[in-house]
8 protein chains.
Amino acid sequence: MEHVLFDHDRLARIGLPEAVFCESKSPDVLAELLIAHGRRGARPALFTRLAPKIFFSLPEDLRSLVDYHELSRTAFGSVMPEKRTGRVAVISAGTADGPVTWEAARTLEYLGIRHTVYEDSGVAGLWRLASRLKEVNGHDAIIVVAGLDAALASVLGGLTPRPVVAVPSSVGYGMARQGESALCSMLVSCAPGVSVMNIDNGYGAACAAARVINLLAGVD
Amino acid sequence: MEHVLFDHDRLARIGLPEAVFCESKSPDVLAELLIAHGRRGARPALFTRLAPKIFFSLPEDLRSLVDYHELSRTAFGSVMPEKRTGRVAVISAGTADGPVTWEAARTLEYLGIRHTVYEDSGVAGLWRLASRLKEVNGHDAIIVVAGLDAALASVLGGLTPRPVVAVPSSVGYGMARQGESALCSMLVSCAPGVSVMNIDNGYGAACAAARVINLLAGVD
Amino acid sequence: MEHVLFDHDRLARIGLPEAVFCESKSPDVLAELLIAHGRRGARPALFTRLAPKIFFSLPEDLRSLVDYHELSRTAFGSVMPEKRTGRVAVISAGTADGPVTWEAARTLEYLGIRHTVYEDSGVAGLWRLASRLKEVNGHDAIIVVAGLDAALASVLGGLTPRPVVAVPSSVGYGMARQGESALCSMLVSCAPGVSVMNIDNGYGAACAAARVINLLAGVD
Amino acid sequence: MEHVLFDHDRLARIGLPEAVFCESKSPDVLAELLIAHGRRGARPALFTRLAPKIFFSLPEDLRSLVDYHELSRTAFGSVMPEKRTGRVAVISAGTADGPVTWEAARTLEYLGIRHTVYEDSGVAGLWRLASRLKEVNGHDAIIVVAGLDAALASVLGGLTPRPVVAVPSSVGYGMARQGESALCSMLVSCAPGVSVMNIDNGYGAACAAARVINLLAGVD
Amino acid sequence: MEHVLFDHDRLARIGLPEAVFCESKSPDVLAELLIAHGRRGARPALFTRLAPKIFFSLPEDLRSLVDYHELSRTAFGSVMPEKRTGRVAVISAGTADGPVTWEAARTLEYLGIRHTVYEDSGVAGLWRLASRLKEVNGHDAIIVVAGLDAALASVLGGLTPRPVVAVPSSVGYGMARQGESALCSMLVSCAPGVSVMNIDNGYGAACAAARVINLLAGVD
Amino acid sequence: MEHVLFDHDRLARIGLPEAVFCESKSPDVLAELLIAHGRRGARPALFTRLAPKIFFSLPEDLRSLVDYHELSRTAFGSVMPEKRTGRVAVISAGTADGPVTWEAARTLEYLGIRHTVYEDSGVAGLWRLASRLKEVNGHDAIIVVAGLDAALASVLGGLTPRPVVAVPSSVGYGMARQGESALCSMLVSCAPGVSVMNIDNGYGAACAAARVINLLAGVD
Amino acid sequence: MEHVLFDHDRLARIGLPEAVFCESKSPDVLAELLIAHGRRGARPALFTRLAPKIFFSLPEDLRSLVDYHELSRTAFGSVMPEKRTGRVAVISAGTADGPVTWEAARTLEYLGIRHTVYEDSGVAGLWRLASRLKEVNGHDAIIVVAGLDAALASVLGGLTPRPVVAVPSSVGYGMARQGESALCSMLVSCAPGVSVMNIDNGYGAACAAARVINLLAGVD
Amino acid sequence: MEHVLFDHDRLARIGLPEAVFCESKSPDVLAELLIAHGRRGARPALFTRLAPKIFFSLPEDLRSLVDYHELSRTAFGSVMPEKRTGRVAVISAGTADGPVTWEAARTLEYLGIRHTVYEDSGVAGLWRLASRLKEVNGHDAIIVVAGLDAALASVLGGLTPRPVVAVPSSVGYGMARQGESALCSMLVSCAPGVSVMNIDNGYGAACAAARVINLLAGVD
């Protein structure tokens with residue numbers, strides 16, 4: 001474990017445990033980390049952006065140490081104890097936003113935060129959003145994932161009093177600009193108080209929502 | 001009139017009469033053009049982007065030749081005969097879109113096309129849009145003007161079968177990028193078949209709608 | 001069919017039936033969708049951006065359910081009944097624009113709209129365009145596909161009274177910027193009333209033209 | 001009041017009362033709005049981006065209707081009742097961030113939310129930040145305003161468990177790119193769960209924090 | 001004359017005499033330079049980008065030393081002897097391109113090169129271009145000035161065998177991007193062998209054409 | 001040969017024969033074109049951007065019809081008769097510019113224009129450039145190929161009276177931006193009258209030089 | 001002095017005393033700061049980007065407290081003691097780079113570092129650079145200021161063994177992009193080990209050079 | 001060795017020996033160069049950006065001529081004699097910066113400069129940086145490698161008096177923009193006198209540091 005210095009106090013300091021961004025790590029380093037965090041009794045760690053091609057190239061005994069979710073490209077050995085307070089809604093515009101939507105959901109699962117996922121709620125089908133609105137507003141924080149024109153973030157932001165964390169997704173082509181157009185739409189949304197994460201950063205959105213839930217949890 | 005060669009056959013060729021883009025012309029040239037087109041019997045011409053500062057610096061007798069509209073920065077002496085077929089709806093997200101909205105409306109007036117303006121119909125107030133939808137759909141073409149996230153274009157595009165011409169407006173600051181974010185949102189709109197004009201180009205949107213109305217007019 | 005919530009009322013609401021953007025969907029989901037829409041009596045659906053590599057990896061019995069067109073990367077099982085009113089011209093600057101040109105043409109075929117394709121009509125050979133102009137103007141709406149400097153959109157826009165929908169194509173290298181230069185040229189075209197779609201969006205251009213044709217059809 | 005359609009139900013719907021973005025409104029419209037909202041018993045409204053040059057050009061009797069704050073360019077007649085739950089820290093990197101910092105603080109004042117402002121806490125003087133950390137963490141949500149490299153957002157995000165809303169400010173020159181570099185730094189911050197607003201959007205940050213405080217308030 | 005070190009051998013070395021870019025120089029330095037180059041017998045120098053506001057603020061006796069041309073913002077005291085070989089055509093799309101068109105023409109005048117200016121020849125009026133083509137082709141090099149979609153450069157480049165130097169002009173708004181769209185159109189022009197100058201660089205285009213004329217002159 | 005409409009009069013009209021841009025063409029179309037132009041007596045055509053992977057996948061008998069040059073990715077069957085007048089220097093900054101340098105050289109060979117190639121003449125080794133300057137100036141036009149900072153174009157432009165066509169090459173990483181930094185450097189070069197081509201467009205540079213040589217040839 | 005918290009230990013910590021960036025400060029705050037630092041015995045402070053318009057609007061008695069230099073827009077009351085070790089060369093491409101060049105020189109003066117300024121040494125006049133090279137190399141660090149193509153940085157970087165700090169200046173128009181093209185040229189310079197500052201940041205370049213001189217000074 | 005003209009005097013002229021940028025060179029050319037520089041007694045040369053895929057495809061006997069380091073993608077046969085004066089610290093924010101960090105370290109090794117590498121010192125773990133600060137400051141120059149928000153460069157720049165060369169690394173996704181956000185953060189860092197290299201340019205940073213060390217070495 002010489003390759004990575006872990007920040008083991010982060011959980012105490014900011015209430016969020018360790019995560020490993022896998023995209024820039026070699027298979028050897030990933031194997032080491034899986035062993036360290038996957039074994040019984042280890043500190044929990046969330047592996048994000050762990051590509052199927054990389055994960056399935058690892059030996060079976062390593063892979064079996066963790067719970068891997070292909071669409072979201074996440075893995076973890078153990079998870080945090082479930083929090084008794086607070087629930088998060090994760091709502092997405094379309095199925096194409098799945099990898100980001102589920103990265104957020106899986107991170108919430110890892111953090112022990114109860115949550116509900118509502119996919120395919122884009123403004124092209126406004127009645128679907130309308131029919132779900134009351135239920136969505138029953139949550140304590142909302143993560144909204146959308147690409148392209150990201151109109152869902154604006155529409156939803158104008159219909160809910162809850163904290164809204166918006167994540168642009170990199171779907172589309174041409175002037176979708178790998179999610180930059182969705183990002184800009186969210187940043188200049190006409191709905192007040194919608195805050196925004198980096199493109200495709202479902203993990204970060206879950207952490208932002210977790211900060212709200214942790215605050216609530218400290219309150220009760 | 002040596003400074004500008006006019007394209008007098010354009011009306012016959014493409015059904016759209018002359019327009020003068022004033023932003024890059026000197027007061028002397030503008031004065032000449034106002035005299036040429038403002039006088040009785042002259043060929044009609046539409047003056048666009050004629051800034052109040054420039055217009056009101058012209059002598060009173062020149063100014064009185066034309067009908068000037070300050071918000072839209074447009075002027076014309078005479079207008080085309082009103083067409084008996086076809087009506088255009090011009091719908092905008094907010095009052096800040098006024099200059100573009102009214103440039104489109106004034107161009108339609110100049111072209112002799114009947115039209116209705118619906119301002120302040122942005123998605124922040126979805127019920128306003130909803131309450132107007134049936135009336136809007138009673139028109140033959142729709143011009144939608146919106147800035148910022150331009151969500152109105154997507155929402156409306158998913159609710160109307162009519163030809164929709166979307167014009168991004170350069171309102172806002174920061175990542176609104178002088179209308180570029182609205183432009184991109186419109187181009188990647190999840191509503192199918194919404195076509196887009198340059199930023200702030202209310203004049204062009206009216207011409208695009210006029211091409212549709214002219215087609216209809218030829219049909220009956 | 002749990003993966004995708006369909007918007008089955010879209011046809012009634014905006015006159016355009018369902019389409020499936022395949023680029024971000026897994027082979028499993030695509031297989032499900034092909035079965036659902038390819039079988040006799042199913043609601044028609046258009047599959048766009050269905051890459052040959054993906055399509056030809058599907059089992060033969062699935063592939064045989066639909067009519068696949070490789071250049072345009074489109075597929076459909078059944079098509080809409082042919083409309084008796086309205087014809088669309090699809091005109092392109094060069095053979096390199098083929099995928100976009102034919103995505104537009106195939107979408108029109110799917111929508112039951114009569115159309116003619118004129119390829120290789122770029123301004124480098126102005127006489128070719130000139131010799132076809134009268135015939136092109138015999139159509140009710142024009143889709144123009146061009147990349148690079150997109151000069152064809154400007155030249156044609158100045159020669160036809162018809163509604164013109166311009167689609168930039170992502171051909172070229174260097175400062176062609178994957179179609180962004182063509183897009184900008186079209187947006188700032190000196191021909192009035194040319195409206196623009198996202199880069200490579202032949203499907204959207206066909207939908208925009210269909211809105212015009214549907215309007216005409218409602219008129220007669 | 002024909003010029004602006006107000007969304008009077010927004011307060012009930014999303015817990016945030018009306019605000020008027022003044023930058024694109026004419027003095028006449030602003031005068032109307034000041035009269036409507038400044039008089040005793042009127043619904044409260046917050047005026048943002050109300051430039052001194054515009055405000056001080058208004059008649060004295062209009063100006064006296066509202067409490068104007070020049071640095072933040074905000075005005076309001078009356079404010080919301082002070083909430084008994086929740087406190088927000090507004091922390092900025094430097095004095096140059098003042099307009100944004102105080103737009104956030106004034107919006108919180110308008111919303112009736114208790115708050116503390118900590119200016120000049122940038123990472124160039126880490127001990128200043130360190131000496132204030134415990135006090136800052138005593139708040140329920142944190143707004144961090146920073147321009148240039150925006151390093152404060154990352155450093156603080158790694159030291160607090162509270163919800164953090166980051167606002168890039170448009171200070172600096174050259175590659176500061178009017179705040180775009182600060183925005184990008186915040187979006188890709190190595191501290192998890194920091195969410196971001198548009199450049200200079202102190203108003204929006206306060207609304208985002210208010211959503212958290214409103215949630216808390218609903219809890220107790 | 002301590003402020004500027006002149007490159008007096010440039011004429012001998014590359015056949016192009018001195019020019020003074022005035023935009024970044026103080027009135028004091030400009031006064032010095034006008035005296036140095038305006039007086040009888042002085043080495044000739046061309047002053048470019050000399051704004052009317054600056055020029056007309058200089059004392060009358062200084063101004064009378066040089067021939068000032070307001071539209072092109074150029075001045076010179078004396079000019080180079082007229083060359084007996086070679087002629088350049090300067091052709092522009094519209095009157096809005098005047099400042100660039102005439103900067104090129106004035107530079108040619110300064111360099112002693114015979115030339116003809118053809119304004120308002122944009123592709124919106126193809127027949128005007130057609131009617132002038134033969135005459136234009138009678139020149140030895142062609143400078144084409146165009147903004148917006150810059151379609152003139154492509155069309156002309158496909159109709160002439162002469163060396164073509166294209167100059168994008170910064171007219172227009174929105175996605176015209178201060179001439180960047182015109183620049184890109186010219187760079188990716190489908191006409192082969194059209195070379196391009198910086199936006200608004202009429203001076204540079206004249207120098208590029210002069211290099212061709214100087215080559216010809218050396219030949220005879 | 002149905003797939004491509006050829007512009008067979010281009011040679012007569014602008015003095016430059018046909019070229020085929022291969023990057024966007026299918027192997028089937030390329031095979032047809034090679035047969036059409038490679039056979040004895042056929043009109044000459046230049047194939048550019050013909051990738052080795054594509055070329056070497058063609059049958060041997062087709063490949064043997066043309067002279068293929070791998071580094072420059074060009075092929076031709078026959079070439080134009082050598083012109084007796086005019087010589088072009090092609091000078092590059094480094095070996096990494098080879099593909100562009102040789103695309104220019106091969107195009108000149110195809111056009112029957114005599115030329116010399118000077119590689120590795122970048123400003124990092126100024127004396128190399130200095131030692132070759134006199135010889136380079138003995139040519140009638142100069143093509144300069146450079147990437148990165150493209151300083152060679154500026155330095156050479158200040159040392160030669162000849163027409164200079166500069167081609168940015170897409171070498172480098174990071175802020176080299178695939179050649180855009182080199183392009184900008186060339187466009188804003190402090191040497192007067194350097195004209196510029198699209199990134200990597202060696203073919204276009206040769207055509208621009210050919211226009212100069214053709215002019216000279218017409219003169220003698 | 002409540003408005004600005006000073007970092008009085010910076011000098012001890014990093015060897016560079018206080019500086020005040022004036023661009024975003026109000027005249028009142030600037031007046032306070034001038035009084036604080038201009039009076040006899042005060043800690044020295046450098047005022048950068050202090051616009052003449054602002055400075056000359058201050059009362060004469062305040063202005064007399066400091067030494068103001070208009071071109072560089074800098075002011076200081078007292079300066080650091082002159083260092084006995086180390087000398088810096090400041091070399092610029094042209095007179096238009098003056099504000100940046102002299103901001104660097106004035107900062108060095110403030111820091112007590114001996115230096116020489118060499119203006120107008122751009123590559124358009126290579127012999128001027130050559131004639132100064134030996135003298136320039138007699139310094140311990142070199143600051144090079146250049147705009148446009150910034151070729152001077154590359155050429156000089158290939159001719160000197162000294163630490164080179166390059167500052168892009170925002171001169172020029174069009175694709176000079178307010179100095180971004182010069183910045184990119186410097187970043188991708190073919191000369192090894194040239195490091196770069198933000199556009200127009202003469203102050204920062206002097207600080208970077210001062211770090212080298214301070215190191216040297218510590219050595220002897 | 002005909003393919004590459006070497007600049008063998010560079011070592012004498014600027015104190016930095018030859019380097020070969022391998023990314024754009026063919027395996028054949030690389031083989032030649034490895035033979036030339038890898039054999040005993042040859043002039044030393046550093047090979048940078050030599051991808052493992054390319055290197056390991058070379059014959060074993062060629063590979064054995066040099067010392068190859070896979071993470072940094074560098075190779076060299078022999079190295080420069082170790083300098084007795086001067087030490088450089090290379091400090092990175094995270095393990096993902098490894099390729100750039102070690103390219104810098106390996107270049108220093110090649111240049112015979114003593115150095116220490118401190119990885120994983122990002123601001124997310126400020127105490128790690130703090131605990132190493134004194135040791136880091138014991139070096140004569142500091143290279144800091146960081147991606148994403150690059151906050152380490154600002155924090156460290158405010159804590160050390162040493163020359164600091166900052167290298168942005170291209171880690172991250174979305175608005176990390178392949179390192180451009182890190183680059184901008186470094187350029188606008190609030191710490192004075194931090195100079196910056198191109199994205200991922202560890203080699204260049206080592207050269208910049210070597211210029212400082214060489215200066216020191218000349219002093220003693």
# chains A, B, ... in the order shown; residues from 1 in each chain; ligands from 1
call {"tool": "residues_around", "arguments": {"residues": "H:Leu50", "least_positions_apart": "2", "cutoff": "7 Å", "atoms": "only C-alpha atoms", "output": "compact mmCIF listing (two decimals) with C-alpha atoms, in the first residue's frame"}}
result
# COMPACT_ATOMS: atom_id res chain seq x y z
CA CYS H 22 8.86 10.47 -29.32
CA GLU H 23 5.14 10.87 -29.77
CA PHE H 47 13.60 10.20 -24.81
CA THR H 48 10.27 11.60 -23.62
CA PRO H 52 5.15 1.51 -23.49
CA ILE H 54 5.94 1.49 -28.81
CA PHE H 55 8.91 0.78 -26.59
CA ARG H 73 7.43 7.08 -20.45
CA THR H 74 11.09 8.19 -20.50
call {"tool": "select_by_dssp", "arguments": {"residues": "stretch 61-184 of chain F", "states": "helix (DSSP H, G or I)", "output": "NGL selection string"}}
result
:F and (61-63 or 95-110 or 123-137 or 151-157 or 174-184)
call {"tool": "residues_around", "arguments": {"residues": "E:Phe21", "least_positions_apart": "2", "cutoff": "12 Å", "atoms": "only C-alpha atoms", "output": "count of residues only"}}
result
31
call {"tool": "closest_residue", "arguments": {"among": "F:Ala31, F:Pro168, F:Ser64, F:Ala206", "to": "F:Arg114", "atoms": "only C-alpha atoms"}}
result
F:Ala206
call {"tool": "interface_residues", "arguments": {"of": "chain A", "to": "chain D", "cutoff": "7 Å", "atoms": "only C-alpha atoms", "output": "list of chain:residue names"}}
result
A:Arg13, A:Ile14, A:Gly15, A:Gly158, A:Leu159, A:Thr160, A:Pro161, A:Arg162, A:Pro163, A:Leu187, A:Val188, A:Pro192, A:Gly193, A:Val194, A:Ser195, A:Val196, A:Met197, A:Asn198, A:Gly204, A:Ala205, A:Cys207, A:Ala208, A:Arg211, A:Val212, A:Leu215, A:Leu216
call {"tool": "atom_distance", "arguments": {"atom1": "atom CA of H:Val79", "atom2": "atom CA of H:Thr107"}}
result
9.5 Å
call {"tool": "residues_around", "arguments": {"residues": "A:Asp200", "least_positions_apart": "5", "cutoff": "9 Å", "atoms": "only C-alpha atoms", "output": "compact mmCIF listing (two decimals) with all heavy atoms, in the first residue's frame"}}
result
# COMPACT_ATOMS: atom_id res chain seq x y z
N ASP A 97 -29.06 8.91 -19.14
CA ASP A 97 -28.36 9.47 -17.98
C ASP A 97 -28.05 8.39 -16.93
O ASP A 97 -27.55 8.71 -15.85
CB ASP A 97 -29.23 10.57 -17.33
CG ASP A 97 -29.60 11.66 -18.31
OD1 ASP A 97 -28.72 12.11 -19.04
OD2 ASP A 97 -30.78 12.07 -18.33
N PRO A 99 -25.75 6.01 -16.24
CA PRO A 99 -24.48 5.86 -15.51
C PRO A 99 -24.30 6.91 -14.41
O PRO A 99 -23.81 6.59 -13.33
CB PRO A 99 -23.43 6.03 -16.62
CG PRO A 99 -24.12 5.62 -17.87
CD PRO A 99 -25.55 6.04 -17.70
N VAL A 100 -24.72 8.13 -14.69
CA VAL A 100 -24.57 9.20 -13.69
C VAL A 100 -25.60 9.03 -12.58
O VAL A 100 -25.31 9.16 -11.39
CB VAL A 100 -24.70 10.58 -14.36
CG1 VAL A 100 -24.39 11.68 -13.35
CG2 VAL A 100 -23.79 10.68 -15.56
N THR A 101 -26.84 8.74 -13.00
CA THR A 101 -27.93 8.56 -12.03
C THR A 101 -27.57 7.48 -11.02
O THR A 101 -27.72 7.66 -9.80
CB THR A 101 -29.21 8.16 -12.80
OG1 THR A 101 -29.46 9.13 -13.81
CG2 THR A 101 -30.39 8.05 -11.85
N GLU A 103 -24.55 6.22 -10.40
CA GLU A 103 -23.36 6.54 -9.60
C GLU A 103 -23.80 7.32 -8.36
O GLU A 103 -23.30 7.08 -7.25
CB GLU A 103 -22.34 7.35 -10.40
CG GLU A 103 -21.03 7.54 -9.64
CD GLU A 103 -20.04 8.43 -10.37
OE1 GLU A 103 -20.10 9.67 -10.19
OE2 GLU A 103 -19.21 7.91 -11.12
N VAL A 145 -30.46 14.73 -12.52
CA VAL A 145 -29.46 14.41 -13.55
C VAL A 145 -30.08 14.65 -14.91
O VAL A 145 -31.15 14.09 -15.20
CB VAL A 145 -29.01 12.94 -13.43
CG1 VAL A 145 -27.93 12.62 -14.46
CG2 VAL A 145 -28.53 12.63 -12.02
N VAL A 167 -26.84 17.70 -11.72
CA VAL A 167 -25.66 17.11 -12.35
C VAL A 167 -25.87 17.04 -13.85
O VAL A 167 -26.75 16.31 -14.32
CB VAL A 167 -25.39 15.67 -11.85
CG1 VAL A 167 -23.98 15.23 -12.23
CG2 VAL A 167 -25.61 15.56 -10.37
N PRO A 168 -25.07 17.77 -14.62
CA PRO A 168 -25.18 17.66 -16.08
C PRO A 168 -24.60 16.33 -16.54
O PRO A 168 -23.59 15.88 -16.00
CB PRO A 168 -24.32 18.82 -16.58
CG PRO A 168 -23.41 19.18 -15.46
CD PRO A 168 -24.04 18.73 -14.18
N SER A 169 -25.24 15.70 -17.52
CA SER A 169 -24.65 14.45 -18.02
C SER A 169 -24.17 14.64 -19.46
O SER A 169 -24.68 15.47 -20.20
CB SER A 169 -25.63 13.29 -17.87
OG SER A 169 -26.30 13.00 -19.06
N SER A 170 -23.15 13.86 -19.82
CA SER A 170 -22.45 14.11 -21.09
C SER A 170 -23.08 13.39 -22.26
O SER A 170 -22.37 12.98 -23.17
CB SER A 170 -20.99 13.70 -20.94
OG SER A 170 -20.91 12.33 -20.62
N GLY A 179 -21.65 17.58 -22.56
CA GLY A 179 -22.28 17.96 -21.29
C GLY A 179 -22.10 19.42 -20.91
O GLY A 179 -22.74 19.90 -19.96
N TYR H 173 -12.13 14.82 -15.42
CA TYR H 173 -13.09 14.70 -16.51
C TYR H 173 -13.98 15.94 -16.51
O TYR H 173 -13.88 16.80 -15.64
CB TYR H 173 -13.91 13.41 -16.36
CG TYR H 173 -14.65 13.32 -15.06
CD1 TYR H 173 -15.95 13.80 -14.93
CD2 TYR H 173 -14.06 12.74 -13.94
CE1 TYR H 173 -16.65 13.72 -13.74
CE2 TYR H 173 -14.74 12.67 -12.73
CZ TYR H 173 -16.03 13.16 -12.64
OH TYR H 173 -16.69 13.10 -11.45
N GLY H 174 -14.86 16.04 -17.47
CA GLY H 174 -15.79 17.17 -17.52
C GLY H 174 -15.03 18.49 -17.59
O GLY H 174 -14.14 18.67 -18.44
call {"tool": "residues_around", "arguments": {"residues": "C:Glu109", "least_positions_apart": "6", "cutoff": "9 Å", "atoms": "only C-alpha atoms", "output": "compact mmCIF listing (two decimals) with N, CA and C atoms, in the first residue's frame"}}
result
# COMPACT_ATOMS: atom_id res chain seq x y z
N VAL C 79 -43.71 2.09 -41.32
CA VAL C 79 -43.64 3.55 -41.49
C VAL C 79 -45.04 4.15 -41.42
N MET C 80 -45.09 5.46 -41.29
CA MET C 80 -46.36 6.18 -41.24
C MET C 80 -47.00 6.15 -42.64
N GLU C 82 -48.25 7.37 -46.15
CA GLU C 82 -47.74 8.50 -46.93
C GLU C 82 -48.73 9.64 -46.93
N HIS C 115 -40.30 13.11 -50.76
CA HIS C 115 -39.09 13.94 -50.74
C HIS C 115 -38.16 13.55 -51.88
call {"tool": "residues_around", "arguments": {"residues": "E:Leu65", "least_positions_apart": "6", "cutoff": "10 Å", "atoms": "only C-alpha atoms", "output": "number ranges by chain"}}
result
E: 34-40, 75-78
call {"tool": "select_by_dssp", "arguments": {"residues": "stretch 116-209 of chain A", "states": "strand (DSSP E)", "output": "PyMOL selection string"}}
result
chain A and resi 116-118+141-146+164-168+194-196
call {"tool": "residues_around", "arguments": {"residues": "B:Val123", "least_positions_apart": "3", "cutoff": "7 Å", "atoms": "only C-alpha atoms", "output": "list in words"}}
result
Val155 of chain A; Leu126, Ala151 and Leu152 of chain B
call {"tool": "write_last_selection", "arguments": {"atoms": "N, CA and C atoms", "output": "PDB file, in the first residue's frame"}}
result
ATOM      1  N   VAL A 155     -37.203  23.260 -14.577  1.00  0.00           N
ATOM      2  CA  VAL A 155     -38.618  23.019 -14.304  1.00  0.00           C
ATOM      3  C   VAL A 155     -38.785  22.516 -12.875  1.00  0.00           C
TER       4      VAL A 155
ATOM      5  N   LEU B 126     -45.034  27.634 -15.132  1.00  0.00           N
ATOM      6  CA  LEU B 126     -45.536  26.693 -16.140  1.00  0.00           C
ATOM      7  C   LEU B 126     -47.039  26.861 -16.411  1.00  0.00           C
ATOM      8  N   ALA B 151     -35.264  26.949 -21.418  1.00  0.00           N
ATOM      9  CA  ALA B 151     -36.093  25.759 -21.221  1.00  0.00           C
ATOM     10  C   ALA B 151     -37.447  25.900 -21.900  1.00  0.00           C
ATOM     11  N   LEU B 152     -37.903  27.136 -22.092  1.00  0.00           N
ATOM     12  CA  LEU B 152     -39.198  27.347 -22.735  1.00  0.00           C
ATOM     13  C   LEU B 152     -39.256  26.698 -24.117  1.00  0.00           C
TER      14      LEU B 152
END
call {"tool": "atom_distance", "arguments": {"atom1": "atom CA of G:Gly122", "atom2": "atom CA of G:Lys134"}}
result
16.1 Å
call {"tool": "atom_distance", "arguments": {"atom1": "atom CA of D:Ala105", "atom2": "atom CA of B:Gly147"}}
result
26.9 Å
